[in-house]
Amino acid sequence: MIDDEDVHARHRNRWEELGVFEEIYRESRQRTVGLAMGLSAPELARTVPACPEWTVHQLIAHLAGAASDFTTGRMEGAPSREWTARHVAEREHLSVVELLEQWNADGDRIDELERIPFQLAVDAITHEADLRAALGRERLPDAVWQPTLTWMSVRRLPEITAKTEFGEFGDGPVTLEVEGYELWRAFFGRRSRRQMESWRWSGPAPIEKIPFFPCRATDLVE
């Protein structure tokens with residue numbers, strides 16, 4: 001009998017062998033840096049609805065901090081709230097230009113590595129999506145997040161058959177019909193329990209198994 005964890009590990013390792021996570025991270029950093037370079041002071045001070053405890057400036061501080069911690073091995077407590085809060089607290093005094101310069105310097109070091117953890121890549125595109133929504137910009141292109149939707153669906157919902165506009169994922173006994181982007185955002189705690197319950201389920205909905213982090217208390221519409 002093949003263990004599900006063995007299947008998931010092989011799937012993850014295959015992605016690592018192909019350098020998928022490295023590419024996702026590098027391209028997300030380039031897009032986010034390009035977007036952030038042109039932001040005004042009011043835009044930088046804007047609250048990020050997906051991360052309501054942060055402003056746009058603070059979100060960028062976290063991204064720079066995560067890259068710095070990864071390159072220096074300062075990963076104790078990751079990915080806890082305390083770990084991410086430290087990124088922000090240590091960089092409150094820096095301008096956005098300084099944050100981006102710091103992130104680019106550490107990002108270049110990361111680009112030279114043969115492998116990076118998948119968490120770093122999905123964190124980058126998740127926050128890129130947060131940033132775009134907060135600024136009212138165009139949604140993250142499907143080609144960026146859709147591959148990780150497939151990857152996440154197999155790992156997180158083995159008992160579900162998820163039907164999206166991109167096809168079906170999984171072969172579980174419970175069927176879910178949902179827009180792919182909604183499911184992808186829910187994996188990272190960007191949808192409330194009420195929102196997830198409103199999707200079209202054929203049976204009992206395993207809501208608690210969807211997000212990595214606790215689901216939102218309030219709806220988030222993007």
# chains A, B, ... in the order shown; residues from 1 in each chain; ligands from 1
>>> residues_around(residues="A:Ile110", least_positions_apart="4", cutoff="9 Å", atoms="only C-alpha atoms", output="PDB file with N, CA and C atoms, in the first residue's frame")
ATOM      1  N   GLU A  22      11.998  27.816  -7.183  1.00  0.00           N
ATOM      2  CA  GLU A  22      12.983  28.880  -7.391  1.00  0.00           C
ATOM      3  C   GLU A  22      12.477  29.876  -8.429  1.00  0.00           C
ATOM      4  N   ARG A  26      11.677  33.843  -7.696  1.00  0.00           N
ATOM      5  CA  ARG A  26      12.441  34.864  -8.409  1.00  0.00           C
ATOM      6  C   ARG A  26      11.520  35.797  -9.197  1.00  0.00           C
ATOM      7  N   ALA A  67      13.456  36.970   3.378  1.00  0.00           N
ATOM      8  CA  ALA A  67      14.624  36.659   2.540  1.00  0.00           C
ATOM      9  C   ALA A  67      15.910  36.770   3.339  1.00  0.00           C
ATOM     10  N   PHE A  70      16.253  33.817   5.712  1.00  0.00           N
ATOM     11  CA  PHE A  70      16.577  32.575   5.024  1.00  0.00           C
ATOM     12  C   PHE A  70      18.054  32.517   4.659  1.00  0.00           C
ATOM     13  N   THR A  71      18.602  33.624   4.179  1.00  0.00           N
ATOM     14  CA  THR A  71      20.003  33.620   3.765  1.00  0.00           C
ATOM     15  C   THR A  71      20.954  33.570   4.953  1.00  0.00           C
ATOM     16  N   ALA A 105      19.172  42.283  -2.732  1.00  0.00           N
ATOM     17  CA  ALA A 105      20.493  41.746  -2.398  1.00  0.00           C
ATOM     18  C   ALA A 105      20.374  40.317  -1.877  1.00  0.00           C
ATOM     19  N   ASP A 106      19.433  40.094  -0.957  1.00  0.00           N
ATOM     20  CA  ASP A 106      19.240  38.742  -0.432  1.00  0.00           C
ATOM     21  C   ASP A 106      18.612  37.832  -1.487  1.00  0.00           C
ATOM     22  N   GLU A 114      20.713  26.162  -5.248  1.00  0.00           N
ATOM     23  CA  GLU A 114      20.160  25.081  -6.064  1.00  0.00           C
ATOM     24  C   GLU A 114      18.717  24.784  -5.680  1.00  0.00           C
ATOM     25  N   ARG A 115      18.381  24.925  -4.402  1.00  0.00           N
ATOM     26  CA  ARG A 115      17.039  24.626  -3.913  1.00  0.00           C
ATOM     27  C   ARG A 115      16.614  25.656  -2.879  1.00  0.00           C
ATOM     28  N   ILE A 116      15.338  25.979  -2.863  1.00  0.00           N
ATOM     29  CA  ILE A 116      14.772  26.777  -1.782  1.00  0.00           C
ATOM     30  C   ILE A 116      13.530  26.046  -1.276  1.00  0.00           C
TER      31      ILE A 116
END
>>> closest_atom_pairs(of="stretch 114-172 of chain A", to="stretch 77-99 of chain A", cutoff="10 Å", atoms="only C-alpha atoms", output="tab-separated table")
residue	atom	partner	partner_atom	distance
A:Gln119	CA	A:Pro79	CA	8.9
A:Leu120	CA	A:Pro79	CA	9.9
A:Asp123	CA	A:Pro79	CA	9.8
>>> write_last_selection(atoms="C-alpha atoms", output="compact mmCIF listing (two decimals), in the first residue's frame")
# COMPACT_ATOMS: atom_id res chain seq x y z
CA GLN A 119 7.21 27.85 1.74
CA LEU A 120 9.36 30.78 0.62
CA ASP A 123 4.69 33.09 0.70
>>> residues_around(residues="stretch 133-142 of chain A", least_positions_apart="6", cutoff="9 Å", atoms="only C-alpha atoms", output="ChimeraX atom specification")
/A:43,46-50,56,125,181,222
>>> closest_residue(among="A:Asp219, A:Glu53, A:Glu76, A:Glu177", to="A:Gly189", atoms="only C-alpha atoms")
A:Asp219
>>> select_by_dssp(residues="stretch 26-173 of chain A", states="alpha helix (DSSP H)", output="JSON, numbers by chain")
{"A": [26, 27, 28, 29, 30, 31, 32, 33, 34, 35, 36, 37, 41, 42, 43, 44, 56, 57, 58, 59, 60, 61, 62, 63, 64, 65, 66, 67, 68, 69, 70, 71, 72, 81, 82, 83, 84, 85, 86, 87, 88, 89, 90, 91, 96, 97, 98, 99, 100, 101, 102, 103, 104, 105, 106, 107, 108, 109, 110, 111, 118, 119, 120, 121, 122, 123, 124, 125, 126, 127, 128, 129, 130, 131, 132, 133, 134, 135, 142, 143, 144, 145, 146, 147, 148, 149, 150, 151, 152, 153, 154, 155, 156]}
>>> residues_around(residues="A:Arg190", least_positions_apart="6", cutoff="10 Å", atoms="only C-alpha atoms", output="VMD selection string")
chain A and resid 49 to 51 126 130 182 to 184 211 213 to 222
>>> write_last_selection(atoms="N, CA, C and O atoms", output="CSV table (one decimal), in the first residue's frame")
chain,number,residue,atom,x,y,z
A,49,PRO,N,-5.9,44.6,3.2
A,49,PRO,CA,-7.1,43.9,3.8
A,49,PRO,C,-6.8,42.4,4.1
A,49,PRO,O,-7.4,41.9,5.0
A,50,ALA,N,-6.0,41.8,3.3
A,50,ALA,CA,-5.7,40.4,3.5
A,50,ALA,C,-4.8,40.1,4.7
A,50,ALA,O,-4.8,39.1,5.3
A,51,CYS,N,-4.1,41.2,5.1
A,51,CYS,CA,-3.2,41.2,6.3
A,51,CYS,C,-3.5,42.4,7.1
A,51,CYS,O,-2.7,43.4,7.1
A,126,THR,N,1.7,34.6,-2.5
A,126,THR,CA,0.6,35.0,-1.7
A,126,THR,C,0.6,36.4,-1.3
A,126,THR,O,-0.5,37.1,-1.4
A,130,ASP,N,-1.8,39.7,-2.2
A,130,ASP,CA,-2.3,40.6,-1.2
A,130,ASP,C,-2.1,42.0,-1.6
A,130,ASP,O,-2.9,42.9,-1.4
A,182,GLU,N,-10.4,31.3,-5.8
A,182,GLU,CA,-11.0,31.3,-4.5
A,182,GLU,C,-10.4,30.2,-3.6
A,182,GLU,O,-10.0,30.4,-2.4
A,183,LEU,N,-10.2,29.0,-4.2
A,183,LEU,CA,-9.7,27.9,-3.4
A,183,LEU,C,-8.2,28.2,-3.1
A,183,LEU,O,-7.7,27.9,-2.0
A,184,TRP,N,-7.5,28.7,-4.1
A,184,TRP,CA,-6.1,29.0,-3.8
A,184,TRP,C,-5.9,30.0,-2.7
A,184,TRP,O,-5.0,29.8,-1.8
A,211,PRO,N,-7.2,25.7,5.0
A,211,PRO,CA,-6.1,26.6,5.2
A,211,PRO,C,-5.0,26.1,6.0
A,211,PRO,O,-5.1,25.4,7.0
A,213,PHE,N,-3.2,28.3,7.7
A,213,PHE,CA,-3.4,29.2,8.9
A,213,PHE,C,-4.9,29.3,9.2
A,213,PHE,O,-5.7,29.0,8.4
A,214,PRO,N,-5.2,29.8,10.4
A,214,PRO,CA,-6.6,29.9,10.7
A,214,PRO,C,-7.4,30.8,9.7
A,214,PRO,O,-6.8,31.8,9.2
A,215,CYS,N,-8.6,30.4,9.3
A,215,CYS,CA,-9.3,31.1,8.3
A,215,CYS,C,-9.7,32.5,8.9
A,215,CYS,O,-9.8,32.7,10.1
A,216,ARG,N,-10.0,33.4,8.1
A,216,ARG,CA,-10.4,34.8,8.5
A,216,ARG,C,-11.7,34.7,9.3
A,216,ARG,O,-12.6,33.9,9.0
A,217,ALA,N,-11.9,35.7,10.2
A,217,ALA,CA,-13.1,35.9,10.9
A,217,ALA,C,-14.1,36.6,10.0
A,217,ALA,O,-15.3,36.4,10.2
A,218,THR,N,-13.7,37.4,9.1
A,218,THR,CA,-14.5,38.2,8.2
A,218,THR,C,-14.3,37.9,6.8
A,218,THR,O,-13.2,37.4,6.4
A,219,ASP,N,-15.3,38.1,5.9
A,219,ASP,CA,-15.2,37.8,4.5
A,219,ASP,C,-14.1,38.7,3.8
A,219,ASP,O,-14.0,39.9,4.2
A,220,LEU,N,-13.4,38.2,2.9
A,220,LEU,CA,-12.5,39.0,2.1
A,220,LEU,C,-12.9,38.8,0.6
A,220,LEU,O,-12.8,37.7,0.1
A,221,VAL,N,-13.3,39.8,0.0
A,221,VAL,CA,-13.8,39.8,-1.4
A,221,VAL,C,-12.7,40.5,-2.3
A,221,VAL,O,-12.4,41.7,-2.0
A,222,GLU,N,-12.2,39.8,-3.3
A,222,GLU,CA,-11.1,40.4,-4.1
A,222,GLU,C,-11.5,40.4,-5.6
A,222,GLU,O,-12.2,39.4,-6.0
>>> residues_around(residues="A:Phe21", least_positions_apart="4", cutoff="12 Å", atoms="only C-alpha atoms", output="ChimeraX atom specification")
/A:12-17,25-28,110-111,113-125,144-145,147-148,151
